[in-house]
>>> print(open('upload_21.tsv').read())   # TSV, C-alpha atoms
chain	number	residue	atom	x	y	z
A	250	MET	CA	6.93	-14.69	36.96
A	251	SER	CA	10.52	-14.18	38.02
A	252	TYR	CA	13.11	-16.65	36.65
A	253	TYR	CA	14.32	-17.12	40.22
A	254	LYS	CA	11.79	-16.97	43.04
A	255	HIS	CA	14.45	-15.34	45.19
A	256	HIS	CA	17.65	-13.92	43.70
A	257	VAL	CA	20.14	-13.02	46.41
A	258	PHE	CA	23.12	-10.74	45.79
A	259	PHE	CA	25.97	-10.49	48.27
A	260	CYS	CA	28.27	-7.52	48.10
A	261	LEU	CA	31.80	-8.90	47.92
A	262	ASN	CA	33.50	-5.58	47.32
A	263	GLN	CA	37.06	-5.20	48.53
A	264	ARG	CA	38.55	-1.74	48.99
A	265	ASP	CA	42.22	-1.21	49.60
A	266	ASN	CA	42.16	2.56	50.12
A	267	GLY	CA	41.23	2.63	53.80
A	268	GLU	CA	37.50	3.00	53.22
A	269	ALA	CA	35.29	0.34	54.74
A	270	SER	CA	34.05	-2.45	52.47
A	271	CYS	CA	31.98	-5.58	52.91
A	272	MET	CA	34.89	-7.96	52.29
A	273	GLN	CA	36.50	-6.72	55.51
A	274	HIS	CA	33.43	-8.00	57.34
A	275	ALA	CA	33.26	-11.67	56.44
A	276	ALA	CA	31.16	-11.15	53.31
A	277	GLN	CA	32.92	-14.00	51.51
A	278	GLU	CA	32.08	-16.37	54.35
A	279	GLY	CA	28.47	-15.16	54.44
A	280	PHE	CA	28.09	-15.68	50.70
A	281	ALA	CA	29.66	-19.14	50.74
A	282	HIS	CA	27.59	-20.23	53.71
A	283	CYS	CA	24.36	-18.96	52.16
A	284	LYS	CA	25.10	-20.70	48.86
A	285	ALA	CA	25.89	-23.98	50.61
A	286	GLN	CA	22.79	-23.85	52.82
A	287	VAL	CA	20.49	-23.04	49.91
A	288	LYS	CA	21.92	-25.98	47.99
A	289	ALA	CA	21.68	-28.30	50.99
A	290	ALA	CA	18.03	-27.31	51.47
A	291	GLY	CA	17.27	-28.21	47.85
A	292	LEU	CA	16.21	-24.64	47.06
A	293	ALA	CA	18.77	-23.84	44.36
A	294	GLY	CA	17.92	-23.34	40.71
A	295	PRO	CA	15.43	-21.79	38.26
A	296	GLY	CA	12.06	-21.31	39.96
A	297	GLY	CA	13.91	-21.45	43.27
A	298	VAL	CA	16.81	-19.56	44.77
A	299	ARG	CA	20.00	-18.20	43.23
A	300	VAL	CA	22.78	-16.90	45.49
A	301	ASN	CA	25.02	-14.52	43.58
A	302	LYS	CA	28.26	-12.64	43.96
A	303	ALA	CA	27.98	-8.91	43.36
A	304	GLY	CA	30.23	-5.89	43.31
A	305	CYS	CA	29.62	-2.87	45.52
A	306	LEU	CA	25.91	-2.37	46.21
A	307	ASP	CA	26.69	1.15	47.45
A	308	ARG	CA	25.13	0.82	50.89
A	309	CYS	CA	28.48	0.36	52.55
A	310	ALA	CA	27.59	2.07	55.82
A	311	GLY	CA	25.46	-0.97	56.70
A	312	GLY	CA	27.91	-3.58	55.47
A	313	PRO	CA	28.15	-6.42	55.06
A	314	VAL	CA	24.96	-6.24	53.02
A	315	ALA	CA	22.92	-8.47	50.75
A	316	VAL	CA	19.71	-7.88	48.82
A	317	VAL	CA	16.96	-10.30	47.84
A	318	TYR	CA	15.00	-9.67	44.63
A	319	PRO	CA	12.40	-9.36	43.21
A	320	GLU	CA	11.07	-8.34	46.62
A	321	GLY	CA	13.88	-5.82	47.18
A	322	VAL	CA	14.57	-6.80	50.79
A	323	TRP	CA	17.97	-5.63	52.06
A	324	TYR	CA	19.88	-7.30	54.87
A	325	THR	CA	22.83	-6.61	57.08
A	326	TYR	CA	24.25	-9.70	58.72
A	327	VAL	CA	26.97	-10.58	61.19
A	328	ASP	CA	27.58	-14.29	61.11
A	329	GLU	CA	26.45	-17.68	59.85
A	330	HIS	CA	23.58	-17.80	62.32
A	331	ASP	CA	22.11	-14.72	60.65
A	332	ILE	CA	22.51	-16.35	57.26
A	333	ASP	CA	20.84	-19.53	58.51
A	334	GLU	CA	17.86	-17.48	59.66
A	335	ILE	CA	17.58	-15.70	56.30
A	336	VAL	CA	17.70	-19.05	54.46
A	337	GLU	CA	15.15	-20.75	56.70
A	338	SER	CA	12.71	-17.91	57.23
A	339	HIS	CA	12.92	-15.89	54.03
A	340	LEU	CA	14.29	-18.08	51.25
A	341	LYS	CA	12.52	-21.27	52.36
A	342	ASN	CA	9.34	-19.91	53.95
A	343	GLY	CA	8.94	-16.47	52.38
A	344	GLN	CA	9.07	-14.57	55.64
A	345	PRO	CA	11.70	-11.77	55.74
A	346	VAL	CA	13.82	-11.57	58.90
A	347	GLU	CA	12.81	-8.27	60.47
A	348	ARG	CA	15.71	-8.01	62.90
A	349	LEU	CA	18.28	-8.12	60.09
A	350	LEU	CA	16.68	-5.58	57.75
A	351	LEU	CA	18.94	-2.77	56.61
A	352	PRO	CA	17.39	0.55	57.68
A	353	PRO	CA	16.06	2.46	54.63
A	354	ASN	CA	18.32	5.50	55.11
A	355	VAL	CA	21.62	3.58	55.10
A	356	GLY	CA	23.69	4.50	52.06
A	357	ARG	CA	27.32	4.58	51.18
B	112	MET	CA	9.43	0.99	47.76
B	113	SER	CA	12.65	-0.37	46.34
B	114	TYR	CA	15.88	1.38	47.40
B	115	TYR	CA	16.82	1.59	43.71
B	116	LYS	CA	14.05	2.10	41.18
B	117	HIS	CA	16.00	-0.10	38.77
B	118	HIS	CA	18.89	-2.27	39.96
B	119	VAL	CA	20.82	-3.71	37.02
B	120	PHE	CA	23.19	-6.65	37.37
B	121	PHE	CA	25.63	-7.55	34.62
B	122	CYS	CA	27.14	-11.00	34.59
B	123	LEU	CA	30.90	-10.52	34.41
B	124	ASN	CA	31.80	-14.15	34.87
B	125	GLN	CA	35.01	-15.38	33.31
B	126	ARG	CA	35.56	-19.07	32.74
B	127	ASP	CA	38.91	-20.47	31.75
B	128	ASN	CA	37.90	-24.10	31.29
B	129	GLY	CA	36.61	-23.89	27.73
B	130	GLU	CA	32.96	-23.36	28.69
B	131	ALA	CA	31.31	-20.21	27.37
B	132	SER	CA	31.05	-17.25	29.74
B	133	CYS	CA	29.76	-13.71	29.46
B	134	MET	CA	33.20	-12.12	29.76
B	135	GLN	CA	34.14	-13.67	26.42
B	136	HIS	CA	31.30	-11.67	24.86
B	137	ALA	CA	32.11	-8.08	25.74
B	138	ALA	CA	30.28	-8.12	29.08
B	139	GLN	CA	32.86	-5.80	30.66
B	140	GLU	CA	32.34	-3.26	27.88
B	141	GLY	CA	28.55	-3.54	28.18
B	142	PHE	CA	28.69	-3.00	31.93
B	143	ALA	CA	31.04	-0.03	31.69
B	144	HIS	CA	29.01	1.57	28.92
B	145	CYS	CA	25.75	1.12	30.80
B	146	LYS	CA	27.21	2.57	34.00
B	147	ALA	CA	28.60	5.58	32.14
B	148	GLN	CA	25.36	6.22	30.24
B	149	VAL	CA	23.23	5.97	33.38
B	150	LYS	CA	25.50	8.44	35.13
B	151	ALA	CA	25.54	10.80	32.13
B	152	ALA	CA	21.73	10.73	32.03
B	153	GLY	CA	21.58	11.75	35.71
B	154	LEU	CA	19.78	8.52	36.63
B	155	ALA	CA	22.33	7.09	39.08
B	156	GLY	CA	21.75	6.78	42.81
B	157	PRO	CA	19.20	5.84	45.49
B	158	GLY	CA	15.68	6.20	44.16
B	159	GLY	CA	17.17	5.95	40.67
B	160	VAL	CA	19.34	3.42	38.91
B	161	ARG	CA	22.25	1.30	40.12
B	162	VAL	CA	24.39	-0.61	37.63
B	163	ASN	CA	26.16	-3.48	39.32
B	164	LYS	CA	28.80	-6.08	38.65
B	165	ALA	CA	27.69	-9.63	39.31
B	166	GLY	CA	29.12	-13.11	39.19
B	167	CYS	CA	27.59	-15.86	37.08
B	168	LEU	CA	23.81	-15.45	36.78
B	169	ASP	CA	23.58	-19.04	35.50
B	170	ARG	CA	21.81	-18.29	32.24
B	171	CYS	CA	24.99	-18.62	30.25
B	172	ALA	CA	23.38	-20.04	27.10
B	173	GLY	CA	21.99	-16.56	26.41
B	174	GLY	CA	25.11	-14.64	27.34
B	175	PRO	CA	26.07	-11.95	27.70
B	176	VAL	CA	23.15	-11.37	30.05
B	177	ALA	CA	21.95	-8.75	32.49
B	178	VAL	CA	18.89	-8.56	34.75
B	179	VAL	CA	16.94	-5.56	35.96
B	180	TYR	CA	15.22	-5.74	39.36
B	181	PRO	CA	12.78	-5.41	41.03
B	182	GLU	CA	10.91	-6.04	37.80
B	183	GLY	CA	12.95	-9.16	36.99
B	184	VAL	CA	13.49	-8.34	33.32
B	185	TRP	CA	16.34	-10.28	31.71
B	186	TYR	CA	18.31	-9.09	28.71
B	187	THR	CA	20.77	-10.46	26.22
B	188	TYR	CA	22.72	-7.78	24.39
B	189	VAL	CA	25.32	-7.56	21.67
B	190	ASP	CA	26.82	-4.10	21.63
B	191	GLU	CA	26.68	-0.55	22.94
B	192	HIS	CA	23.68	0.29	20.79
B	193	ASP	CA	21.69	-2.36	22.62
B	194	ILE	CA	22.81	-0.91	25.95
B	195	ASP	CA	21.84	2.58	24.83
B	196	GLU	CA	18.37	1.34	24.02
B	197	ILE	CA	18.00	-0.36	27.40
B	198	VAL	CA	19.11	2.83	29.17
B	199	GLU	CA	16.84	5.13	27.18
B	200	SER	CA	13.75	2.97	26.94
B	201	HIS	CA	13.78	0.92	30.13
B	202	LEU	CA	15.90	2.68	32.73
B	203	LYS	CA	14.85	6.19	31.77
B	204	ASN	CA	11.30	5.67	30.52
B	205	GLY	CA	10.23	2.43	32.18
B	206	GLN	CA	9.59	0.58	28.93
B	207	PRO	CA	11.44	-2.78	28.62
B	208	VAL	CA	13.10	-3.44	25.26
B	209	GLU	CA	11.17	-6.38	23.84
B	210	ARG	CA	13.66	-7.30	21.12
B	211	LEU	CA	16.45	-7.83	23.66
B	212	LEU	CA	14.53	-9.95	26.17
B	213	LEU	CA	16.14	-13.23	27.13
B	214	PRO	CA	13.72	-16.06	26.26
B	215	PRO	CA	12.29	-17.63	29.45
B	216	ASN	CA	13.68	-21.12	28.78
B	217	VAL	CA	17.32	-20.05	28.45
B	218	GLY	CA	19.40	-21.48	31.26
B	219	ARG	CA	22.98	-22.49	31.76
>>> encode(input="upload_21.tsv", output="structure tokens")
Amino acid sequence: MSYYKHHVFFCLNQRDNGEASCMQHAAQEGFAHCKAQVKAAGLAGPGGVRVNKAGCLDRCAGGPVAVVYPEGVWYTYVDEHDIDEIVESHLKNGQPVERLLLPPNVGR
Amino acid sequence: MSYYKHHVFFCLNQRDNGEASCMQHAAQEGFAHCKAQVKAAGLAGPGGVRVNKAGCLDRCAGGPVAVVYPEGVWYTYVDEHDIDEIVESHLKNGQPVERLLLPPNVGR
């Protein structure tokens, strides 16, 4: 069994060379909101949910992105409402949010 | 199918408050060596292996730690020889390295 039931990684990569990066698209806010909501819902911890900072996940064209393991579900999100839906539907109830899935062909 | 066959996250957390953290135990070197070896072996990329920076994975007592998803295999490593073995055995040949597994009860 997985140490965390759901382990969420948010790309918080910042690029300063003109290329797009998740940090230009409110990734920090998305991460912080997700972490706070998971904690508030009592989901955080071993056997539950861990919300993690990550470097570049290399799927920048769909940024901001996050991935949930072990299920390997990738998301692209816009705002806190999207994060709320991921927390409630996926992290709490195990049902991925179809409308926010990152298309499989999106890469860097 | 998972976007990456093996997605490796290295904890690169640095604490400056006296508590132990992975960055005090050569985590940066482990990450960099793993990334270089994966690239040199031609394993990097979608459908292959991604080696990623991560923030605190909250299993600090076993640090430095890394986790490989989607299989959810956790490692504690000491030096570049350990990393080489993880790359060759697990990331290249799909066989986790038993001697480096993080015991299941190790937390923060």
>>> residues_around(input="upload_21.tsv", residues="stretch 253-266 of chain A", least_positions_apart="2", cutoff="6 Å", atoms="all atoms listed in the file", output="NGL selection string")
:A and (251 or 268 or 270-272 or 276 or 295-306 or 315-318)
>>> atom_distance(input="upload_21.tsv", atom1="atom CA of B:Ala137", atom2="atom CA of A:Ala293")
27.8 Å
>>> atom_distance(input="upload_21.tsv", atom1="atom CA of A:Ser338", atom2="atom CA of B:Glu182")
22.8 Å
>>> atom_distance(input="upload_21.tsv", atom1="atom CA of A:Gln286", atom2="atom CA of A:Leu351")
21.8 Å
>>> residues_around(input="upload_21.tsv", residues="A:Asn354", least_positions_apart="6", cutoff="10 Å", atoms="all atoms listed in the file", output="PyMOL selection string")
(chain A and resi 308+310-311) or (chain B and resi 114+157)
>>> residues_around(input="upload_21.tsv", residues="B:Glu191", least_positions_apart="5", cutoff="10 Å", atoms="all atoms listed in the file", output="PyMOL selection string")
chain B and resi 137+140-145+196-197
>>> axis_aligned_box(input="upload_21.tsv", around="stretch 308-314 of chain A", padding_each_side="5 Å", output="lines of an AutoDock Vina configuration file")
center_x = 26.7
center_y = -2.2
center_z = 53.8
size_x = 13.5
size_y = 18.5
size_z = 15.8
>>> closest_residue(input="upload_21.tsv", among="A:Gly343, A:Pro352, A:Pro313, A:Gly294", to="A:Asp328", atoms="all atoms listed in the file")
A:Pro313
>>> decode(input="upload_21.tsv", residues="stretch 257-302 of chain A", atoms="N, CA and C atoms", output="mmCIF file, in the first residue's frame")
data_model
loop_
_atom_site.group_PDB
_atom_site.id
_atom_site.type_symbol
_atom_site.label_atom_id
_atom_site.label_comp_id
_atom_site.auth_asym_id
_atom_site.auth_seq_id
_atom_site.Cartn_x
_atom_site.Cartn_y
_atom_site.Cartn_z
ATOM 1 N N VAL A 257 0.186 14.527 -3.950
ATOM 2 C CA VAL A 257 -0.032 15.558 -4.973
ATOM 3 C C VAL A 257 1.216 16.424 -5.119
ATOM 4 N N PHE A 258 1.667 16.600 -6.340
ATOM 5 C CA PHE A 258 2.837 17.435 -6.612
ATOM 6 C C PHE A 258 2.439 18.607 -7.500
ATOM 7 N N PHE A 259 2.688 19.799 -7.002
ATOM 8 C CA PHE A 259 2.448 21.017 -7.777
ATOM 9 C C PHE A 259 3.759 21.516 -8.362
ATOM 10 N N CYS A 260 3.757 21.740 -9.660
ATOM 11 C CA CYS A 260 4.905 22.393 -10.269
ATOM 12 C C CYS A 260 4.953 23.846 -9.822
ATOM 13 N N LEU A 261 6.068 24.214 -9.205
ATOM 14 C CA LEU A 261 6.263 25.610 -8.785
ATOM 15 C C LEU A 261 7.483 26.194 -9.496
ATOM 16 N N ASN A 262 7.699 25.739 -10.708
ATOM 17 C CA ASN A 262 8.889 26.204 -11.426
ATOM 18 C C ASN A 262 8.739 27.641 -11.910
ATOM 19 N N GLN A 263 9.824 28.380 -11.706
ATOM 20 C CA GLN A 263 9.879 29.782 -12.133
ATOM 21 C C GLN A 263 10.972 29.913 -13.187
ATOM 22 N N ARG A 264 10.620 30.403 -14.346
ATOM 23 C CA ARG A 264 11.638 30.671 -15.369
ATOM 24 C C ARG A 264 11.763 32.170 -15.566
ATOM 25 N N ASP A 265 12.987 32.600 -15.760
ATOM 26 C CA ASP A 265 13.212 34.039 -15.936
ATOM 27 C C ASP A 265 13.811 34.337 -17.309
ATOM 28 N N ASN A 266 13.676 33.382 -18.233
ATOM 29 C CA ASN A 266 14.284 33.552 -19.556
ATOM 30 C C ASN A 266 13.264 33.839 -20.656
ATOM 31 N N GLY A 267 12.018 34.159 -20.259
ATOM 32 C CA GLY A 267 11.011 34.452 -21.257
ATOM 33 C C GLY A 267 10.119 33.270 -21.593
ATOM 34 N N GLU A 268 10.593 32.050 -21.313
ATOM 35 C CA GLU A 268 9.742 30.881 -21.521
ATOM 36 C C GLU A 268 8.635 30.849 -20.460
ATOM 37 N N ALA A 269 7.507 30.267 -20.840
ATOM 38 C CA ALA A 269 6.408 30.160 -19.889
ATOM 39 C C ALA A 269 6.779 29.205 -18.759
ATOM 40 N N SER A 270 6.246 29.448 -17.573
ATOM 41 C CA SER A 270 6.441 28.530 -16.455
ATOM 42 C C SER A 270 5.248 28.638 -15.517
ATOM 43 N N CYS A 271 5.041 27.578 -14.748
ATOM 44 C CA CYS A 271 3.826 27.506 -13.920
ATOM 45 C C CYS A 271 3.715 28.639 -12.914
ATOM 46 N N MET A 272 4.845 29.115 -12.393
ATOM 47 C CA MET A 272 4.800 30.160 -11.378
ATOM 48 C C MET A 272 4.249 31.488 -11.906
ATOM 49 N N GLN A 273 4.248 31.633 -13.232
ATOM 50 C CA GLN A 273 3.621 32.834 -13.812
ATOM 51 C C GLN A 273 2.107 32.702 -13.846
ATOM 52 N N HIS A 274 1.607 31.524 -13.483
ATOM 53 C CA HIS A 274 0.171 31.266 -13.604
ATOM 54 C C HIS A 274 -0.434 30.832 -12.277
ATOM 55 N N ALA A 275 -0.054 31.539 -11.235
ATOM 56 C CA ALA A 275 -0.681 31.355 -9.920
ATOM 57 C C ALA A 275 -0.495 29.958 -9.335
ATOM 58 N N ALA A 276 0.635 29.317 -9.681
ATOM 59 C CA ALA A 276 0.893 27.981 -9.130
ATOM 60 C C ALA A 276 1.095 28.024 -7.620
ATOM 61 N N GLN A 277 1.785 29.050 -7.140
ATOM 62 C CA GLN A 277 2.024 29.169 -5.699
ATOM 63 C C GLN A 277 0.697 29.267 -4.934
ATOM 64 N N GLU A 278 -0.217 30.050 -5.479
ATOM 65 C CA GLU A 278 -1.527 30.203 -4.841
ATOM 66 C C GLU A 278 -2.305 28.879 -4.880
ATOM 67 N N GLY A 279 -2.224 28.184 -6.008
ATOM 68 C CA GLY A 279 -2.917 26.899 -6.137
ATOM 69 C C GLY A 279 -2.386 25.886 -5.139
ATOM 70 N N PHE A 280 -1.072 25.820 -5.025
ATOM 71 C CA PHE A 280 -0.428 24.914 -4.064
ATOM 72 C C PHE A 280 -0.864 25.238 -2.632
ATOM 73 N N ALA A 281 -0.738 26.507 -2.270
ATOM 74 C CA ALA A 281 -1.052 26.915 -0.893
ATOM 75 C C ALA A 281 -2.518 26.659 -0.567
ATOM 76 N N HIS A 282 -3.382 26.933 -1.532
ATOM 77 C CA HIS A 282 -4.808 26.713 -1.300
ATOM 78 C C HIS A 282 -5.103 25.228 -1.142
ATOM 79 N N CYS A 283 -4.495 24.414 -1.995
ATOM 80 C CA CYS A 283 -4.718 22.964 -1.919
ATOM 81 C C CYS A 283 -4.247 22.420 -0.571
ATOM 82 N N LYS A 284 -3.054 22.844 -0.162
ATOM 83 C CA LYS A 284 -2.492 22.371 1.109
ATOM 84 C C LYS A 284 -3.400 22.762 2.279
ATOM 85 N N ALA A 285 -3.882 23.982 2.259
ATOM 86 C CA ALA A 285 -4.754 24.465 3.335
ATOM 87 C C ALA A 285 -6.086 23.716 3.355
ATOM 88 N N GLN A 286 -6.642 23.461 2.186
ATOM 89 C CA GLN A 286 -7.949 22.791 2.118
ATOM 90 C C GLN A 286 -7.845 21.327 2.541
ATOM 91 N N VAL A 287 -6.748 20.691 2.153
ATOM 92 C CA VAL A 287 -6.528 19.293 2.543
ATOM 93 C C VAL A 287 -6.393 19.183 4.062
ATOM 94 N N LYS A 288 -5.667 20.135 4.633
ATOM 95 C CA LYS A 288 -5.506 20.160 6.085
ATOM 96 C C LYS A 288 -6.845 20.430 6.786
ATOM 97 N N ALA A 289 -7.571 21.403 6.266
ATOM 98 C CA ALA A 289 -8.865 21.768 6.860
ATOM 99 C C ALA A 289 -9.858 20.610 6.793
ATOM 100 N N ALA A 290 -9.736 19.792 5.746
ATOM 101 C CA ALA A 290 -10.656 18.657 5.588
ATOM 102 C C ALA A 290 -10.213 17.442 6.404
ATOM 103 N N GLY A 291 -9.089 17.575 7.103
ATOM 104 C CA GLY A 291 -8.608 16.472 7.935
ATOM 105 C C GLY A 291 -8.034 15.318 7.119
ATOM 106 N N LEU A 292 -7.607 15.604 5.906
ATOM 107 C CA LEU A 292 -7.108 14.543 5.017
ATOM 108 C C LEU A 292 -5.598 14.371 5.072
ATOM 109 N N ALA A 293 -4.898 15.340 5.668
ATOM 110 C CA ALA A 293 -3.430 15.356 5.585
ATOM 111 C C ALA A 293 -2.765 14.277 6.424
ATOM 112 N N GLY A 294 -1.677 13.717 5.886
ATOM 113 C CA GLY A 294 -0.844 12.817 6.683
ATOM 114 C C GLY A 294 -0.676 11.437 6.077
ATOM 115 N N PRO A 295 0.186 10.611 6.693
ATOM 116 C CA PRO A 295 0.414 9.244 6.233
ATOM 117 C C PRO A 295 -0.909 8.474 6.170
ATOM 118 N N GLY A 296 -1.112 7.730 5.082
ATOM 119 C CA GLY A 296 -2.383 7.032 4.895
ATOM 120 C C GLY A 296 -3.450 7.927 4.298
ATOM 121 N N GLY A 297 -3.146 9.228 4.249
ATOM 122 C CA GLY A 297 -4.070 10.205 3.679
ATOM 123 C C GLY A 297 -3.433 10.931 2.513
ATOM 124 N N VAL A 298 -3.470 12.258 2.589
ATOM 125 C CA VAL A 298 -3.025 13.074 1.461
ATOM 126 C C VAL A 298 -1.797 13.893 1.839
ATOM 127 N N ARG A 299 -0.854 13.981 0.910
ATOM 128 C CA ARG A 299 0.290 14.882 1.062
ATOM 129 C C ARG A 299 0.316 15.810 -0.154
ATOM 130 N N VAL A 300 0.383 17.116 0.113
ATOM 131 C CA VAL A 300 0.455 18.111 -0.958
ATOM 132 C C VAL A 300 1.877 18.651 -0.974
ATOM 133 N N ASN A 301 2.551 18.496 -2.086
ATOM 134 C CA ASN A 301 3.994 18.727 -2.167
ATOM 135 C C ASN A 301 4.378 19.766 -3.210
ATOM 136 N N LYS A 302 5.392 20.525 -2.876
ATOM 137 C CA LYS A 302 6.054 21.373 -3.868
ATOM 138 C C LYS A 302 6.890 20.498 -4.790
#
